[in-house]
Amino acid sequence: MLNSIITPTSGSAQVVGYNTITQSKEVKINSGFLPETPGLYQKLTAKEFLEFVGELYYLPKEVIFSRIDELISIFDLEGRENDLLEGYSRGMKQKVCLCAALIQDPKIVFLDEPTSNLDPAAARMVKDLISDLTKKADKTIFICTHLLDAAEELCDLIGIIDNGILKIEGSPKDIIESAEAENLEDAYLKIMGATRIEDLLAWREEVPRSTKKDKKKKIKKRKKDK
């Protein structure tokens, strides 16, 4: 909804000063988006794929090629930019997806589970890249994640949403202190209410097990009914 891809059922929002409903084109031009499971054309090279994405934003050719070279350098993909994407590792594919989210030089970048399905080394790499984007490239990064350690490490401002309702908002430190917790994960469990193992197993006690005698009685009754 914040990327003007889905129309909200109610309410309104603004992204970098533009209304997500009435100014959807401006929102899309000024925001980059990386979904949790992005689509890549495996038979294209990294350069070809980024050129394709750049053309979707109607960027001039010279601007596209200039930004591709810059992004390839920033994300340390030199030497592999002309290889087919099907030969890339997950971490490298995630790098290319981040390049695609930045090709039009957006003011804000939305990342949905940016470290999803990555091994620890690749996840660390992506976290470092996100930090560099905010510090060196002056980008605002909006992250949606269930990985609370990543949120605590990367985010300046955090909001916890439950069934569409914003339960709490603040810096990681403020949220941890307000919940009198040791870390963000502990604070989250206190705010949301942790589910106990006893509650998860309660169904076993609610549904009585049928005994062999009960089964025999049921079989006999069916025979009589017939």
# chains A, B, ... in the order shown; residues from 1 in each chain; ligands from 1
$ residues_around --residues "Ala100 of chain A" --least-positions-apart "5" --cutoff "12 Å" --atoms "only C-alpha atoms" --output "MDAnalysis selection string"
chainID A and resid 31:35 38:40 46:57 64 67:68 71:72 75 93:95 105:106 109 111
$ write_last_selection --atoms "N, CA, C and O atoms" --output "CSV table (one decimal), in the first residue's frame"
chain,number,residue,atom,x,y,z
A,31,SER,N,10.2,6.0,-4.7
A,31,SER,CA,10.5,4.9,-3.7
A,31,SER,C,10.9,3.6,-4.4
A,31,SER,O,10.4,3.3,-5.5
A,32,GLY,N,11.9,2.9,-3.8
A,32,GLY,CA,12.3,1.7,-4.3
A,32,GLY,C,11.7,0.5,-3.5
A,32,GLY,O,11.4,0.8,-2.3
A,33,PHE,N,11.6,-0.6,-4.1
A,33,PHE,CA,10.9,-1.7,-3.4
A,33,PHE,C,11.6,-3.0,-3.6
A,33,PHE,O,11.8,-3.4,-4.8
A,34,LEU,N,11.9,-3.8,-2.6
A,34,LEU,CA,12.4,-5.1,-2.7
A,34,LEU,C,11.5,-6.1,-1.9
A,34,LEU,O,11.5,-6.1,-0.7
A,35,PRO,N,10.7,-6.9,-2.6
A,35,PRO,CA,9.9,-7.9,-1.9
A,35,PRO,C,10.7,-9.0,-1.3
A,35,PRO,O,11.9,-9.2,-1.6
A,38,PRO,N,11.8,-11.7,-4.5
A,38,PRO,CA,11.8,-10.9,-5.8
A,38,PRO,C,12.0,-11.8,-7.0
A,38,PRO,O,12.5,-12.9,-6.9
A,39,GLY,N,11.5,-11.4,-8.1
A,39,GLY,CA,11.6,-12.1,-9.4
A,39,GLY,C,12.8,-11.7,-10.2
A,39,GLY,O,13.0,-10.5,-10.3
A,40,LEU,N,13.6,-12.6,-10.6
A,40,LEU,CA,14.8,-12.3,-11.4
A,40,LEU,C,14.7,-13.1,-12.7
A,40,LEU,O,14.2,-14.3,-12.8
A,46,ALA,N,23.4,-9.6,-15.0
A,46,ALA,CA,23.1,-8.5,-14.0
A,46,ALA,C,22.9,-7.2,-14.7
A,46,ALA,O,22.0,-6.4,-14.4
A,47,LYS,N,23.8,-6.9,-15.7
A,47,LYS,CA,23.8,-5.6,-16.4
A,47,LYS,C,22.5,-5.5,-17.2
A,47,LYS,O,21.8,-4.5,-17.2
A,48,GLU,N,22.1,-6.6,-17.9
A,48,GLU,CA,20.9,-6.6,-18.7
A,48,GLU,C,19.7,-6.4,-17.9
A,48,GLU,O,18.7,-5.7,-18.3
A,49,PHE,N,19.7,-7.1,-16.7
A,49,PHE,CA,18.5,-7.0,-15.9
A,49,PHE,C,18.3,-5.6,-15.3
A,49,PHE,O,17.2,-5.0,-15.3
A,50,LEU,N,19.4,-5.0,-14.9
A,50,LEU,CA,19.3,-3.6,-14.3
A,50,LEU,C,19.0,-2.6,-15.4
A,50,LEU,O,18.3,-1.6,-15.2
A,51,GLU,N,19.5,-2.9,-16.7
A,51,GLU,CA,19.1,-2.0,-17.8
A,51,GLU,C,17.6,-2.1,-18.0
A,51,GLU,O,16.9,-1.1,-18.3
A,52,PHE,N,17.0,-3.3,-18.0
A,52,PHE,CA,15.6,-3.5,-18.1
A,52,PHE,C,14.8,-2.8,-17.1
A,52,PHE,O,13.8,-2.1,-17.4
A,53,VAL,N,15.2,-2.9,-15.8
A,53,VAL,CA,14.5,-2.2,-14.7
A,53,VAL,C,14.6,-0.7,-14.9
A,53,VAL,O,13.6,0.0,-14.7
A,54,GLY,N,15.8,-0.2,-15.3
A,54,GLY,CA,15.9,1.2,-15.5
A,54,GLY,C,15.0,1.8,-16.6
A,54,GLY,O,14.4,2.9,-16.5
A,55,GLU,N,14.8,1.0,-17.7
A,55,GLU,CA,13.9,1.4,-18.8
A,55,GLU,C,12.5,1.4,-18.3
A,55,GLU,O,11.7,2.1,-18.9
A,56,LEU,N,12.1,0.6,-17.3
A,56,LEU,CA,10.8,0.6,-16.8
A,56,LEU,C,10.4,2.0,-16.1
A,56,LEU,O,9.3,2.4,-16.1
A,57,TYR,N,11.5,2.6,-15.7
A,57,TYR,CA,11.3,4.0,-15.1
A,57,TYR,C,11.5,5.1,-16.1
A,57,TYR,O,11.6,6.2,-15.7
A,64,ILE,N,21.0,5.4,-17.1
A,64,ILE,CA,20.9,4.0,-16.8
A,64,ILE,C,22.3,3.3,-16.7
A,64,ILE,O,22.7,2.7,-15.7
A,67,ARG,N,24.4,4.7,-13.8
A,67,ARG,CA,24.0,4.2,-12.5
A,67,ARG,C,24.3,2.7,-12.3
A,67,ARG,O,24.6,2.3,-11.2
A,68,ILE,N,24.2,2.0,-13.4
A,68,ILE,CA,24.6,0.5,-13.3
A,68,ILE,C,26.0,0.4,-12.9
A,68,ILE,O,26.4,-0.4,-12.1
A,71,LEU,N,26.4,1.3,-9.2
A,71,LEU,CA,25.8,0.3,-8.3
A,71,LEU,C,26.6,-1.0,-8.4
A,71,LEU,O,26.8,-1.6,-7.3
A,72,ILE,N,27.1,-1.4,-9.5
A,72,ILE,CA,28.0,-2.6,-9.6
A,72,ILE,C,29.2,-2.4,-8.8
A,72,ILE,O,29.7,-3.4,-8.1
A,75,PHE,N,28.2,-2.4,-4.9
A,75,PHE,CA,27.8,-3.7,-4.3
A,75,PHE,C,28.8,-4.8,-4.7
A,75,PHE,O,28.6,-6.0,-4.5
A,93,LYS,N,22.4,-12.5,-5.7
A,93,LYS,CA,21.1,-12.2,-6.3
A,93,LYS,C,20.5,-11.1,-5.5
A,93,LYS,O,19.8,-10.2,-6.0
A,94,GLN,N,20.6,-11.2,-4.1
A,94,GLN,CA,20.0,-10.2,-3.3
A,94,GLN,C,20.7,-8.8,-3.5
A,94,GLN,O,20.0,-7.8,-3.5
A,95,LYS,N,22.0,-8.8,-3.8
A,95,LYS,CA,22.7,-7.6,-4.2
A,95,LYS,C,22.1,-7.0,-5.5
A,95,LYS,O,21.9,-5.8,-5.5
A,105,ASP,N,17.3,5.9,-8.3
A,105,ASP,CA,17.8,6.9,-7.2
A,105,ASP,C,16.6,7.3,-6.3
A,105,ASP,O,16.4,8.6,-6.2
A,106,PRO,N,15.9,6.4,-5.7
A,106,PRO,CA,14.7,6.8,-4.9
A,106,PRO,C,15.2,7.5,-3.6
A,106,PRO,O,16.3,7.3,-3.1
A,109,VAL,N,13.6,3.6,0.4
A,109,VAL,CA,13.6,2.2,-0.1
A,109,VAL,C,12.9,1.3,0.9
A,109,VAL,O,13.2,1.3,2.1
A,111,LEU,N,12.1,-2.4,2.1
A,111,LEU,CA,12.7,-3.8,2.0
A,111,LEU,C,11.9,-4.7,2.9
A,111,LEU,O,11.7,-4.5,4.1
$ residues_around --residues "Lys139 of chain A" --least-positions-apart "2" --cutoff "6 Å" --atoms "only C-alpha atoms" --output "NGL selection string"
:A and (107-108 or 133-134 or 137)
$ select_by_dssp --residues "chain A" --states "alpha helix (DSSP H)" --output "PyMOL selection string"
chain A and resi 24-30+46-56+61-74+90-102+120-135+148-154+172-178+184-192+197-200+202-206+212-225
$ closest_residue --among "A:Glu153, A:Leu166, A:His146, A:Leu102" --to "Lys127 of chain A" --atoms "only C-alpha atoms"
A:Glu153
$ residues_around --residues "Gly17 of chain A" --least-positions-apart "2" --cutoff "12 Å" --atoms "only C-alpha atoms" --output "PyMOL selection string"
chain A and resi 2+13-15+19-20+22-24+26-27+30-31+107-108
$ write_last_selection --atoms "all heavy atoms" --output "short mmCIF file (atom, residue, chain, number, x, y, z; two decimals), in the first residue's frame"
data_model
loop_
_atom_site.label_atom_id
_atom_site.label_comp_id
_atom_site.auth_asym_id
_atom_site.auth_seq_id
_atom_site.Cartn_x
_atom_site.Cartn_y
_atom_site.Cartn_z
N LEU A 2 1.96 1.25 0.74
CA LEU A 2 2.83 2.43 0.81
C LEU A 2 3.60 2.64 -0.48
O LEU A 2 4.15 3.72 -0.71
CB LEU A 2 3.81 2.29 1.98
CG LEU A 2 3.19 2.39 3.37
CD1 LEU A 2 4.24 2.14 4.45
CD2 LEU A 2 2.54 3.75 3.60
N ALA A 13 -2.21 7.73 3.32
CA ALA A 13 -0.81 7.79 3.74
C ALA A 13 -0.03 8.66 2.77
O ALA A 13 -0.46 8.87 1.62
CB ALA A 13 -0.21 6.38 3.77
N GLN A 14 1.08 9.17 3.24
CA GLN A 14 1.97 9.96 2.40
C GLN A 14 3.37 9.36 2.45
O GLN A 14 3.84 8.96 3.52
CB GLN A 14 2.02 11.42 2.87
CG GLN A 14 0.78 12.23 2.51
CD GLN A 14 0.98 13.71 2.75
OE1 GLN A 14 1.86 14.12 3.50
NE2 GLN A 14 0.15 14.53 2.11
N VAL A 15 4.01 9.29 1.30
CA VAL A 15 5.39 8.82 1.20
C VAL A 15 6.20 9.93 0.54
O VAL A 15 5.85 10.37 -0.57
CB VAL A 15 5.47 7.51 0.38
CG1 VAL A 15 6.92 7.12 0.15
CG2 VAL A 15 4.73 6.39 1.08
N ASN A 19 0.76 11.70 -1.78
CA ASN A 19 -0.35 10.87 -1.36
C ASN A 19 -0.32 9.55 -2.14
O ASN A 19 -0.22 9.55 -3.37
CB ASN A 19 -1.68 11.59 -1.63
CG ASN A 19 -2.87 10.84 -1.09
OD1 ASN A 19 -3.29 9.84 -1.65
ND2 ASN A 19 -3.42 11.33 0.01
N THR A 20 -0.40 8.43 -1.41
CA THR A 20 -0.25 7.11 -2.05
C THR A 20 -1.42 6.77 -2.98
O THR A 20 -1.29 5.85 -3.80
CB THR A 20 -0.13 6.01 -0.99
OG1 THR A 20 -1.27 6.05 -0.12
CG2 THR A 20 1.14 6.18 -0.16
N THR A 22 -3.75 9.44 -4.60
CA THR A 22 -3.93 10.44 -5.65
C THR A 22 -2.65 10.79 -6.40
O THR A 22 -2.69 11.37 -7.48
CB THR A 22 -4.52 11.74 -5.06
OG1 THR A 22 -3.61 12.25 -4.07
CG2 THR A 22 -5.86 11.46 -4.40
N GLN A 23 -1.49 10.45 -5.82
CA GLN A 23 -0.20 10.74 -6.47
C GLN A 23 0.65 9.47 -6.55
O GLN A 23 1.84 9.49 -6.25
CB GLN A 23 0.54 11.84 -5.68
CG GLN A 23 -0.21 13.18 -5.63
CD GLN A 23 0.46 14.17 -4.71
OE1 GLN A 23 0.54 13.96 -3.50
NE2 GLN A 23 0.95 15.26 -5.28
N SER A 24 0.03 8.39 -6.97
CA SER A 24 0.70 7.09 -7.00
C SER A 24 1.94 7.07 -7.90
O SER A 24 2.94 6.42 -7.59
CB SER A 24 -0.28 6.00 -7.43
OG SER A 24 -0.78 6.27 -8.73
N GLU A 26 4.03 9.53 -8.58
CA GLU A 26 5.14 10.20 -7.89
C GLU A 26 5.70 9.33 -6.77
O GLU A 26 6.92 9.32 -6.54
CB GLU A 26 4.67 11.54 -7.32
CG GLU A 26 4.42 12.63 -8.36
CD GLU A 26 3.07 12.49 -9.06
OE1 GLU A 26 2.31 11.55 -8.72
OE2 GLU A 26 2.78 13.31 -9.95
N VAL A 27 4.81 8.60 -6.09
CA VAL A 27 5.26 7.70 -5.03
C VAL A 27 6.16 6.62 -5.60
O VAL A 27 7.24 6.31 -5.05
CB VAL A 27 4.05 7.06 -4.30
CG1 VAL A 27 4.52 5.94 -3.37
CG2 VAL A 27 3.29 8.10 -3.51
N ASN A 30 9.65 7.84 -6.60
CA ASN A 30 10.52 8.25 -5.50
C ASN A 30 10.77 7.16 -4.46
O ASN A 30 11.44 7.42 -3.46
CB ASN A 30 9.92 9.48 -4.81
CG ASN A 30 10.07 10.74 -5.63
OD1 ASN A 30 11.15 11.32 -5.68
ND2 ASN A 30 9.01 11.13 -6.32
N SER A 31 10.23 5.96 -4.68
CA SER A 31 10.46 4.88 -3.72
C SER A 31 10.92 3.61 -4.42
O SER A 31 10.42 3.26 -5.49
CB SER A 31 9.20 4.60 -2.90
OG SER A 31 8.14 4.18 -3.73
N LYS A 107 14.23 8.23 -3.00
CA LYS A 107 14.49 8.88 -1.72
C LYS A 107 14.30 7.91 -0.55
O LYS A 107 14.91 8.07 0.51
CB LYS A 107 13.58 10.09 -1.56
CG LYS A 107 13.83 11.19 -2.58
CD LYS A 107 12.87 12.35 -2.39
CE LYS A 107 13.13 13.44 -3.43
NZ LYS A 107 12.17 14.57 -3.29
N ILE A 108 13.40 6.94 -0.73
CA ILE A 108 13.13 5.96 0.32
C ILE A 108 13.09 4.56 -0.31
O ILE A 108 12.62 4.41 -1.44
CB ILE A 108 11.79 6.27 1.04
CG1 ILE A 108 11.55 5.29 2.20
CG2 ILE A 108 10.62 6.27 0.08
CD1 ILE A 108 10.38 5.69 3.10
#
$ select_by_dssp --residues "segment 74-151 of chain A" --states "strand (DSSP E)" --output "MDAnalysis selection string"
chainID A and resid 108:112 140:144
